[in-house]
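So the structure is just underneath, and the comments pick up after that.
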Amino acid sequence: MVQITFQPDASDYRVARYAAAAIALSVAEAAIPTPLPGVKPGLANIVVLLVLMRHGWREAAWVALLRVFAASLLLGQLFAPGFFLSLAGSLFSLAALGLAQWLPRRWFGAVSLSLVAAFAHIAGQMLLARVWLVPHEGLWGLWPVFSATATVFGAINGLITARLLAEPTNPDLPPNRP
Amino acid sequence: MAVRAWLALLRPGDYLTVLVAVAATVLAALQLWGPDRPSLAVVRAGGKIVASLPLDRPGGIEVMGPLGKTLIEVQPGRARVVSDPGPRQYCVKQGWLTRSGAAAICAPNEVSLQLQGRSESYDSLSY
C-alpha cells in the first residue's frame, strides 16, 4: 500500500488563512449593487497586496487565484463569463505586480502597487471581454469608467493596505500553525 | 483617523502614481468621449474622390469642374471652399468647415468638400 502524506508547512497555513479572508471579502462585496460588471471595490486585492508585501509574490499569487476559484464557486459563478473575466484580471494584475514589486520600496508604497494592480486588472478584463464577449470596438467607450474606478478604488485599497502594514503585528493572533 | 495620518502612509512616488492614474483617466475620457475631430478633407469632382487632404497641416487644391476652377483651402482642423465659379456661391458662403461629417457642395461645378473623422457620421437614421 502506498501512503501519501502531505506535510503542510507554515506558508501553506498562511496562504489558507489569507485566502479565506480574501474569499470572505469577495463574497461580502458581491452583495453591493454595481451599475456595470467590473465596477466594484475589489476589496480582496487588499489581502493580495498585504501578502505580496509581507510574504512575497509566490504566496500572493496563491491567495489571488484561490480567491478567484473559491469565490466564484461560492457565488455560483464558476466557469461563467464573470469567472473568466475575474481570472483574466487576476492573472494580469499578478503579472503586473510581479514587475512592480521591484520598484524601490522607499519611494513606491502600497498605494502605487495597488494602482498598478487595479489598472492591470481592468486591462486584462477589458481585453478578454473585447476578444471574447463583446467583439466590437465600441467596448472601449467604457474604458474611462473602468479607469476611474481603478483610480479611486486602487488608491483607497492601497491606503488600507499601507495602514494594515503599519500596524504592529498582533501578538494575540494564533501563530501560523494548526 | 485624520486625513493627515492617511496621507502619511503615502510615499513620494505614490503621489506620482496617483497623478499618472488620474491623468490617464481624464485623457482617456477626453479622447473617447470628446468631440470627434475630423482628420481628412475629402474632395470630390463629378462624384469621384479627387483628393483626401490631411487636416493636420495647411494645404489646398484646385479642382476643375464643368464651369471652371474650384479652389479649396485646408488649415489645421478646418477646410473651406475659397472660390467657385457657380452662380450662387453657396459652398463659398458656408465658410470654414470644422465638424466631422460637415460638407460644402458646389453643385453647379460638381465639386464637393467633406470632412471625415474617426467614425462615419450620418445625416439621418430611420428604423
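The chains in the C-alpha cells are called A, B, ... from first to last as shown; in each chain the residues are counted from 1, and the ligands are counted from 1 in the order shown.
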Next item on the list: Output the contact residues of chain A with respect to chain B at a cut-off of 8 Å, based on only C-alpha atoms, as a PyMOL selection string.
Entry: chain A and resi 106-109+111-112+115+140-141+143-144+147-148+151+155+159+162-163
Checklist line | Residue contacts of Gly86 in chain B (7 Å, only C-alpha atoms) excluding same-chain residues fewer than 2 positions away, as number ranges by chain | finding: B: 84, 88-89, 106, 108-109
Check: Just how far from CA of Ser112 in chain B is CA of Leu71 in chain B, in Å to one decimal?
Finding: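 Interatomic distance, CA of Leu71 in chain B to CA of Ser112 in chain B: 10.9 Å.
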Env of Lys48 in chain B: 10 Å cut, atoms = only C-alpha atoms, seq-sep filter 2 positions within chain, self excluded. Answer as a short mmCIF file (atom, residue, chain, number, x, y, z; two decimals) with C-alpha atoms, in the first residue's frame.
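Result file part03.cif:
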data_model
loop_
_atom_site.label_atom_id
_atom_site.label_comp_id
_atom_site.auth_asym_id
_atom_site.auth_seq_id
_atom_site.Cartn_x
_atom_site.Cartn_y
_atom_site.Cartn_z
CA VAL B 43 -12.71 66.47 -52.21
CA ARG B 44 -14.94 65.05 -54.92
CA ALA B 45 -15.43 66.14 -58.51
CA GLY B 46 -18.16 64.64 -60.64
CA VAL B 50 -10.01 63.54 -56.39
CA ALA B 51 -8.17 64.28 -53.14
CA GLU B 110 -19.97 69.26 -59.41
CA VAL B 111 -17.37 69.70 -56.69
CA SER B 112 -17.85 68.81 -53.03
#
